[in-house]
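*Asks:* First the structure, which I've put down as C-alpha coordinates, then a few questions once you've had a look.
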Amino acid sequence: VSRGGGRPKALLVNPPVYDFALYDLFLKPYGLLRAGMHLHNNGWDTAVVDALDYEDPASAAVIGRPRRKEDGTGKMFRAPASPPAGLESCGRRYSRYGILPESLERRIAAAGGGEGGREFRPPDVILVGTGMTYWYPGAVEAVRLCRKVFPGVPVLAGGIYASLMPDHCSRATGADAVIAGDGGRGLAKNLPCFGLPAPEGPFPAAPLPLPGV
(Lines give C-alpha, C1' and ligand atoms only; values in the text may rest on other atoms or scores of the structure.)
Protein backbone atom coordinates (compact mmCIF):
# COMPACT_ATOMS: atom_id res chain seq x y z
CA VAL A 1 0.00 0.00 0.00
CA SER A 2 1.30 3.46 -0.86
CA ARG A 3 1.86 6.14 1.77
CA GLY A 4 -1.28 7.89 0.53
CA GLY A 5 -3.38 4.72 0.47
CA GLY A 6 -4.24 2.51 -2.48
CA ARG A 7 -1.81 0.87 -4.87
CA PRO A 8 1.81 2.02 -4.61
CA LYS A 9 3.14 3.87 -7.63
CA ALA A 10 6.61 3.86 -9.19
CA LEU A 11 8.04 6.24 -11.78
CA LEU A 12 10.74 4.77 -14.03
CA VAL A 13 13.09 7.24 -15.72
CA ASN A 14 15.54 6.41 -18.52
CA PRO A 15 18.05 9.31 -18.52
CA PRO A 16 19.55 11.26 -21.43
CA VAL A 17 23.05 10.38 -22.61
CA TYR A 18 26.10 12.66 -22.70
CA ASP A 19 28.72 11.37 -25.12
CA PHE A 20 30.75 12.10 -28.23
CA ALA A 21 28.56 9.82 -30.32
CA LEU A 22 25.39 7.78 -29.95
CA TYR A 23 23.50 5.71 -32.49
CA ASP A 24 20.40 3.71 -31.64
CA LEU A 25 20.92 0.04 -32.43
CA PHE A 26 17.78 -1.06 -30.57
CA LEU A 27 18.94 0.76 -27.43
CA LYS A 28 16.33 0.12 -24.73
CA PRO A 29 16.48 0.27 -20.89
CA TYR A 30 15.99 -3.48 -20.50
CA GLY A 31 17.00 -3.71 -16.84
CA LEU A 32 14.89 -0.72 -15.81
CA LEU A 33 11.86 -2.14 -17.59
CA ARG A 34 12.38 -5.54 -15.97
CA ALA A 35 12.29 -3.78 -12.61
CA GLY A 36 9.07 -2.10 -13.72
CA MET A 37 7.53 -5.44 -14.67
CA HIS A 38 8.57 -6.86 -11.29
CA LEU A 39 6.69 -4.07 -9.52
CA HIS A 40 3.73 -4.36 -11.91
CA ASN A 41 3.48 -8.07 -11.18
CA ASN A 42 3.32 -7.20 -7.48
CA GLY A 43 0.39 -4.80 -7.79
CA TRP A 44 2.18 -1.50 -8.34
CA ASP A 45 1.08 1.23 -10.71
CA THR A 46 3.95 2.23 -12.99
CA ALA A 47 4.76 5.18 -15.23
CA VAL A 48 7.69 5.36 -17.65
CA VAL A 49 9.55 8.47 -18.83
CA ASP A 50 12.08 7.83 -21.58
CA ALA A 51 14.52 10.68 -22.16
CA LEU A 52 15.71 8.91 -25.32
CA ASP A 53 12.31 9.04 -26.99
CA TYR A 54 13.15 9.97 -30.59
CA GLU A 55 9.52 10.91 -31.37
CA ASP A 56 9.06 13.66 -28.76
CA PRO A 57 7.06 16.43 -30.54
CA ALA A 58 8.36 19.28 -28.38
CA SER A 59 11.99 18.37 -29.05
CA ALA A 60 11.34 17.81 -32.75
CA ALA A 61 9.86 21.32 -33.02
CA VAL A 62 13.11 22.83 -31.72
CA ILE A 63 15.85 20.45 -32.87
CA GLY A 64 14.20 18.75 -35.83
CA ARG A 65 13.36 15.08 -36.16
CA PRO A 66 16.31 12.68 -36.04
CA ARG A 67 16.81 10.45 -39.05
CA ARG A 68 15.49 6.97 -38.40
CA LYS A 69 15.39 3.72 -40.37
CA GLU A 70 12.41 1.48 -40.92
CA ASP A 71 14.05 -1.28 -38.88
CA GLY A 72 13.85 0.83 -35.70
CA THR A 73 17.45 2.04 -35.60
CA GLY A 74 18.73 5.54 -36.20
CA LYS A 75 19.83 8.80 -34.68
CA MET A 76 18.63 10.49 -31.49
CA PHE A 77 17.87 14.08 -30.63
CA ARG A 78 21.19 15.84 -30.10
CA ALA A 79 22.21 19.20 -28.63
CA PRO A 80 25.71 20.63 -27.98
CA ALA A 81 27.09 20.19 -24.46
CA SER A 82 30.28 21.15 -22.65
CA PRO A 83 32.80 18.28 -22.74
CA PRO A 84 34.21 16.78 -19.54
CA ALA A 85 37.26 18.42 -17.99
CA GLY A 86 40.43 17.43 -19.81
CA LEU A 87 38.68 16.57 -23.07
CA GLU A 88 37.99 20.09 -24.30
CA SER A 89 40.65 19.91 -27.02
CA CYS A 90 40.12 16.34 -28.23
CA GLY A 91 38.67 17.57 -31.53
CA ARG A 92 35.35 15.74 -31.15
CA ARG A 93 31.91 17.23 -30.67
CA TYR A 94 30.39 16.44 -27.27
CA SER A 95 26.60 16.33 -27.10
CA ARG A 96 23.58 15.68 -24.96
CA TYR A 97 21.39 13.01 -26.58
CA GLY A 98 17.72 12.89 -25.72
CA ILE A 99 14.62 15.02 -25.47
CA LEU A 100 15.04 18.62 -24.36
CA PRO A 101 15.51 19.14 -20.60
CA GLU A 102 12.30 21.16 -20.35
CA SER A 103 10.39 18.41 -22.16
CA LEU A 104 11.88 15.82 -19.82
CA GLU A 105 10.82 17.87 -16.82
CA ARG A 106 7.26 18.20 -18.17
CA ARG A 107 7.05 14.46 -18.74
CA ILE A 108 8.25 13.71 -15.23
CA ALA A 109 5.63 16.08 -13.83
CA ALA A 110 2.91 14.56 -16.03
CA ALA A 111 3.73 11.13 -14.62
CA GLY A 112 1.93 12.19 -11.44
CA GLY A 113 -1.35 12.28 -13.31
CA GLY A 114 -2.18 8.68 -12.54
CA GLU A 115 -3.64 6.09 -14.86
CA GLY A 116 -7.03 6.16 -16.54
CA GLY A 117 -7.53 9.87 -15.93
CA ARG A 118 -7.32 9.63 -12.13
CA GLU A 119 -6.41 12.69 -10.09
CA PHE A 120 -2.83 13.82 -9.63
CA ARG A 121 -0.88 11.38 -7.46
CA PRO A 122 2.89 11.69 -7.03
CA PRO A 123 4.89 8.48 -7.24
CA ASP A 124 5.88 6.70 -4.04
CA VAL A 125 9.33 5.94 -5.45
CA ILE A 126 11.35 6.91 -8.51
CA LEU A 127 13.71 4.46 -10.22
CA VAL A 128 16.43 5.98 -12.40
CA GLY A 129 18.30 3.62 -14.70
CA THR A 130 21.97 4.03 -15.54
CA GLY A 131 23.97 2.85 -18.53
CA MET A 132 27.68 3.18 -19.28
CA THR A 133 29.80 4.54 -16.43
CA TYR A 134 30.86 7.55 -18.50
CA TRP A 135 27.19 8.36 -19.18
CA TYR A 136 26.70 9.29 -15.54
CA PRO A 137 25.99 13.01 -16.23
CA GLY A 138 22.64 11.96 -17.69
CA ALA A 139 21.76 10.09 -14.49
CA VAL A 140 22.77 13.15 -12.47
CA GLU A 141 20.44 15.30 -14.57
CA ALA A 142 17.56 12.83 -14.26
CA VAL A 143 17.84 12.61 -10.48
CA ARG A 144 18.05 16.41 -10.20
CA LEU A 145 14.90 16.92 -12.28
CA CYS A 146 13.01 14.23 -10.35
CA ARG A 147 13.90 15.90 -7.06
CA LYS A 148 12.83 19.27 -8.45
CA VAL A 149 9.43 18.00 -9.58
CA PHE A 150 8.78 15.56 -6.71
CA PRO A 151 10.70 16.76 -3.64
CA GLY A 152 10.61 14.25 -0.83
CA VAL A 153 9.98 11.23 -3.06
CA PRO A 154 12.81 8.68 -2.68
CA VAL A 155 14.97 8.19 -5.76
CA LEU A 156 16.74 4.88 -6.36
CA ALA A 157 19.46 4.48 -8.99
CA GLY A 158 20.30 1.13 -10.55
CA GLY A 159 21.88 -0.32 -13.66
CA ILE A 160 25.38 -0.77 -15.06
CA TYR A 161 26.99 2.41 -13.70
CA ALA A 162 25.27 1.97 -10.34
CA SER A 163 26.54 -1.62 -10.12
CA LEU A 164 30.13 -0.98 -11.23
CA MET A 165 30.67 2.29 -9.34
CA PRO A 166 28.08 2.41 -6.52
CA ASP A 167 30.01 4.86 -4.34
CA HIS A 168 30.62 7.27 -7.21
CA CYS A 169 26.98 6.91 -8.28
CA SER A 170 25.79 7.74 -4.77
CA ARG A 171 28.01 10.82 -4.52
CA ALA A 172 27.43 12.12 -8.06
CA THR A 173 23.67 11.63 -8.31
CA GLY A 174 22.67 12.09 -4.69
CA ALA A 175 20.18 9.22 -5.03
CA ASP A 176 18.60 8.04 -1.79
CA ALA A 177 19.76 4.49 -2.53
CA VAL A 178 21.91 2.78 -5.13
CA ILE A 179 20.98 -0.72 -6.28
CA ALA A 180 24.14 -2.58 -7.24
CA GLY A 181 23.76 -5.91 -8.99
CA ASP A 182 20.58 -7.97 -8.77
CA GLY A 183 17.58 -5.66 -9.23
CA GLY A 184 15.11 -7.99 -7.56
CA ARG A 185 17.13 -8.27 -4.38
CA GLY A 186 17.91 -4.57 -4.46
CA LEU A 187 14.24 -3.59 -4.61
CA ALA A 188 13.30 -6.10 -1.91
CA LYS A 189 16.04 -4.71 0.33
CA ASN A 190 15.56 -0.97 -0.25
CA LEU A 191 11.82 -0.35 -0.69
CA PRO A 192 10.91 -1.32 2.91
CA CYS A 193 13.45 1.28 4.10
CA PHE A 194 11.06 3.90 2.72
CA GLY A 195 7.92 2.28 4.10
CA LEU A 196 7.04 0.62 0.80
CA PRO A 197 6.17 -3.04 0.13
CA ALA A 198 8.90 -5.34 -1.12
CA PRO A 199 8.05 -7.13 -4.38
CA GLU A 200 7.96 -10.90 -4.16
CA GLY A 201 8.71 -13.69 -6.60
CA PRO A 202 11.45 -14.06 -9.22
CA PHE A 203 12.80 -11.07 -11.12
CA PRO A 204 11.10 -11.36 -14.54
CA ALA A 205 12.95 -11.80 -17.81
CA ALA A 206 10.15 -10.04 -19.70
CA PRO A 207 10.29 -6.24 -19.49
CA LEU A 208 7.45 -3.82 -18.87
CA PRO A 209 6.28 -2.61 -22.32
CA LEU A 210 7.76 0.81 -23.09
CA PRO A 211 5.06 3.17 -24.44
CA GLY A 212 5.76 4.56 -27.89
CA VAL A 213 8.38 1.95 -28.81
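Each chain in the C-alpha coordinates gets a letter, A, B and so on, in the order shown; residues start at 1 in every chain, and ligands are counted from 1 in the order they appear.
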Got a sec: who's within 8 Å of range 155-157 of chain A, counting only C-alpha atoms, leaving out chain neighbours fewer than 4 positions off, as number ranges by chain?
*Replies:* A: 125-130, 143, 146-147, 162, 169, 175-179
*Asks:* Could those selected residues go to a file with N, CA and C atoms, as a PDB file, in the first residue's frame?
*Replies:*
ATOM      1  N   VAL A 125       7.901   6.123  -5.269  1.00  0.00           N
ATOM      2  CA  VAL A 125       9.332   5.944  -5.452  1.00  0.00           C
ATOM      3  C   VAL A 125       9.661   6.209  -6.909  1.00  0.00           C
ATOM      4  N   ILE A 126      10.876   6.663  -7.156  1.00  0.00           N
ATOM      5  CA  ILE A 126      11.354   6.913  -8.513  1.00  0.00           C
ATOM      6  C   ILE A 126      12.585   6.049  -8.748  1.00  0.00           C
ATOM      7  N   LEU A 127      12.577   5.290  -9.839  1.00  0.00           N
ATOM      8  CA  LEU A 127      13.713   4.457 -10.221  1.00  0.00           C
ATOM      9  C   LEU A 127      14.392   5.076 -11.436  1.00  0.00           C
ATOM     10  N   VAL A 128      15.655   5.407 -11.299  1.00  0.00           N
ATOM     11  CA  VAL A 128      16.433   5.982 -12.398  1.00  0.00           C
ATOM     12  C   VAL A 128      17.434   4.945 -12.871  1.00  0.00           C
ATOM     13  N   GLY A 129      17.362   4.583 -14.141  1.00  0.00           N
ATOM     14  CA  GLY A 129      18.300   3.621 -14.699  1.00  0.00           C
ATOM     15  C   GLY A 129      19.615   4.283 -15.052  1.00  0.00           C
ATOM     16  N   THR A 130      20.671   3.502 -15.121  1.00  0.00           N
ATOM     17  CA  THR A 130      21.972   4.028 -15.545  1.00  0.00           C
ATOM     18  C   THR A 130      22.582   3.074 -16.567  1.00  0.00           C
ATOM     19  N   VAL A 143      18.130  12.563 -11.912  1.00  0.00           N
ATOM     20  CA  VAL A 143      17.844  12.610 -10.480  1.00  0.00           C
ATOM     21  C   VAL A 143      17.528  14.036 -10.049  1.00  0.00           C
ATOM     22  N   CYS A 146      14.009  14.953 -11.148  1.00  0.00           N
ATOM     23  CA  CYS A 146      13.012  14.231 -10.354  1.00  0.00           C
ATOM     24  C   CYS A 146      12.856  14.862  -8.978  1.00  0.00           C
ATOM     25  N   ARG A 147      13.962  15.250  -8.373  1.00  0.00           N
ATOM     26  CA  ARG A 147      13.896  15.903  -7.061  1.00  0.00           C
ATOM     27  C   ARG A 147      13.219  17.273  -7.159  1.00  0.00           C
ATOM     28  N   ALA A 162      25.556   2.122 -11.760  1.00  0.00           N
ATOM     29  CA  ALA A 162      25.271   1.972 -10.336  1.00  0.00           C
ATOM     30  C   ALA A 162      25.900   0.708  -9.774  1.00  0.00           C
ATOM     31  N   CYS A 169      28.370   6.656  -7.904  1.00  0.00           N
ATOM     32  CA  CYS A 169      26.983   6.914  -8.276  1.00  0.00           C
ATOM     33  C   CYS A 169      26.231   7.600  -7.142  1.00  0.00           C
ATOM     34  N   ALA A 175      21.336  10.098  -5.179  1.00  0.00           N
ATOM     35  CA  ALA A 175      20.176   9.223  -5.034  1.00  0.00           C
ATOM     36  C   ALA A 175      20.056   8.748  -3.587  1.00  0.00           C
ATOM     37  N   ASP A 176      18.825   8.500  -3.158  1.00  0.00           N
ATOM     38  CA  ASP A 176      18.603   8.039  -1.788  1.00  0.00           C
ATOM     39  C   ASP A 176      19.144   6.636  -1.568  1.00  0.00           C
ATOM     40  N   ALA A 177      19.197   5.832  -2.619  1.00  0.00           N
ATOM     41  CA  ALA A 177      19.760   4.490  -2.529  1.00  0.00           C
ATOM     42  C   ALA A 177      20.283   4.090  -3.896  1.00  0.00           C
ATOM     43  N   VAL A 178      21.328   3.294  -3.899  1.00  0.00           N
ATOM     44  CA  VAL A 178      21.913   2.777  -5.134  1.00  0.00           C
ATOM     45  C   VAL A 178      21.778   1.269  -5.117  1.00  0.00           C
ATOM     46  N   ILE A 179      21.161   0.726  -6.158  1.00  0.00           N
ATOM     47  CA  ILE A 179      20.980  -0.719  -6.279  1.00  0.00           C
ATOM     48  C   ILE A 179      22.101  -1.268  -7.142  1.00  0.00           C
TER      49      ILE A 179
END
*Asks:* DSSP says alpha helix (DSSP H) for which residues of range 16-201 of chain A? Put them as a count of residues only?
*Replies:* 64
*Asks:* Do you know which residues are at most 12 Å from range 54-58 of chain A counting only C-alpha atoms, after dropping those on the same chain fewer than 3 positions away, and could you put them as a ChimeraX atom specification?
*Replies:* /A:16,23-24,26-28,49-51,61-69,72-78,97-107,211-213
*Asks:* Go ahead and dump the residues you just picked, N, CA and C atoms, as a short mmCIF file (atom, residue, chain, number, x, y, z; two decimals), in the first residue's frame.
*Replies:*
data_model
loop_
_atom_site.label_atom_id
_atom_site.label_comp_id
_atom_site.auth_asym_id
_atom_site.auth_seq_id
_atom_site.Cartn_x
_atom_site.Cartn_y
_atom_site.Cartn_z
N PRO A 16 18.87 10.90 -20.18
CA PRO A 16 19.55 11.26 -21.43
C PRO A 16 20.99 10.77 -21.38
N TYR A 23 24.36 6.17 -31.41
CA TYR A 23 23.50 5.71 -32.49
C TYR A 23 22.63 4.59 -31.93
N ASP A 24 21.36 4.66 -32.20
CA ASP A 24 20.40 3.71 -31.64
C ASP A 24 20.38 2.42 -32.44
N PHE A 26 18.76 -0.43 -31.45
CA PHE A 26 17.78 -1.06 -30.57
C PHE A 26 18.15 -0.85 -29.10
N LEU A 27 18.54 0.40 -28.79
CA LEU A 27 18.94 0.76 -27.43
C LEU A 27 17.70 0.96 -26.56
N LYS A 28 17.49 0.06 -25.62
CA LYS A 28 16.33 0.12 -24.73
C LYS A 28 16.77 -0.14 -23.29
N VAL A 49 9.10 7.28 -18.10
CA VAL A 49 9.55 8.47 -18.83
C VAL A 49 10.87 8.13 -19.50
N ASP A 50 10.89 8.19 -20.81
CA ASP A 50 12.08 7.83 -21.58
C ASP A 50 12.71 9.08 -22.19
N ALA A 51 13.84 9.50 -21.64
CA ALA A 51 14.52 10.68 -22.16
C ALA A 51 15.10 10.47 -23.55
N ALA A 61 10.20 19.96 -32.58
CA ALA A 61 9.86 21.32 -33.02
C ALA A 61 11.05 22.26 -32.89
N VAL A 62 11.96 21.96 -31.96
CA VAL A 62 13.11 22.83 -31.72
C VAL A 62 14.36 22.32 -32.44
N ILE A 63 14.62 21.03 -32.33
CA ILE A 63 15.85 20.45 -32.87
C ILE A 63 15.66 19.90 -34.27
N GLY A 64 14.46 19.47 -34.59
CA GLY A 64 14.20 18.75 -35.83
C GLY A 64 14.20 17.25 -35.57
N ARG A 65 13.47 16.52 -36.38
CA ARG A 65 13.36 15.08 -36.16
C ARG A 65 14.65 14.36 -36.55
N PRO A 66 15.11 13.46 -35.69
CA PRO A 66 16.31 12.68 -36.04
C PRO A 66 16.00 11.69 -37.15
N ARG A 67 17.00 11.40 -37.95
CA ARG A 67 16.81 10.45 -39.05
C ARG A 67 16.76 9.03 -38.51
N ARG A 68 15.70 8.33 -38.86
CA ARG A 68 15.49 6.97 -38.40
C ARG A 68 15.33 6.03 -39.58
N LYS A 69 15.57 4.74 -39.34
CA LYS A 69 15.39 3.72 -40.37
C LYS A 69 14.13 2.91 -40.07
N GLY A 72 13.88 0.39 -37.09
CA GLY A 72 13.85 0.83 -35.70
C GLY A 72 15.16 1.37 -35.18
N THR A 73 16.18 1.46 -36.01
CA THR A 73 17.45 2.04 -35.60
C THR A 73 17.55 3.47 -36.14
N GLY A 74 18.56 4.18 -35.68
CA GLY A 74 18.73 5.54 -36.20
C GLY A 74 19.32 6.49 -35.18
N LYS A 75 19.24 7.75 -35.51
CA LYS A 75 19.83 8.80 -34.68
C LYS A 75 18.85 9.25 -33.59
N MET A 76 19.41 9.95 -32.60
CA MET A 76 18.63 10.49 -31.49
C MET A 76 18.64 12.01 -31.56
N PHE A 77 17.77 12.64 -30.79
CA PHE A 77 17.87 14.08 -30.63
C PHE A 77 19.24 14.40 -30.05
N ARG A 78 19.85 15.49 -30.56
CA ARG A 78 21.19 15.84 -30.10
C ARG A 78 21.31 17.35 -29.96
N TYR A 97 22.34 13.74 -25.74
CA TYR A 97 21.39 13.01 -26.58
C TYR A 97 20.12 12.75 -25.78
N GLY A 98 19.00 13.09 -26.39
CA GLY A 98 17.72 12.89 -25.72
C GLY A 98 16.79 14.07 -25.90
N ILE A 99 15.59 13.93 -25.36
CA ILE A 99 14.62 15.02 -25.47
C ILE A 99 15.11 16.23 -24.69
N LEU A 100 14.61 17.39 -25.02
CA LEU A 100 15.04 18.62 -24.36
C LEU A 100 14.81 18.55 -22.85
N PRO A 101 15.68 19.18 -22.06
CA PRO A 101 15.51 19.14 -20.60
C PRO A 101 14.14 19.61 -20.13
N GLU A 102 13.62 20.67 -20.76
CA GLU A 102 12.30 21.16 -20.35
C GLU A 102 11.19 20.17 -20.70
N SER A 103 11.36 19.44 -21.80
CA SER A 103 10.39 18.41 -22.16
C SER A 103 10.48 17.25 -21.19
N LEU A 104 11.69 16.89 -20.79
CA LEU A 104 11.88 15.82 -19.82
C LEU A 104 11.24 16.19 -18.49
N GLU A 105 11.42 17.42 -18.07
CA GLU A 105 10.82 17.87 -16.82
C GLU A 105 9.29 17.82 -16.88
N ARG A 106 8.73 18.25 -18.02
CA ARG A 106 7.26 18.20 -18.17
C ARG A 106 6.75 16.76 -18.12
N ARG A 107 7.48 15.86 -18.74
CA ARG A 107 7.05 14.46 -18.74
C ARG A 107 7.12 13.85 -17.34
N PRO A 211 6.01 2.46 -23.56
CA PRO A 211 5.06 3.17 -24.44
C PRO A 211 5.77 3.90 -25.58
N GLY A 212 5.23 3.81 -26.75
CA GLY A 212 5.76 4.56 -27.89
C GLY A 212 6.89 3.85 -28.61
N VAL A 213 7.27 2.67 -28.16
CA VAL A 213 8.38 1.95 -28.81
C VAL A 213 7.84 0.71 -29.50
#
*Asks:* Which residue gives the smallest distance to Leu39 in chain A among A:Leu87, A:Val149, A:Ala10, A:Ala172, with only C-alpha atoms counted?
*Replies:* A:Ala10
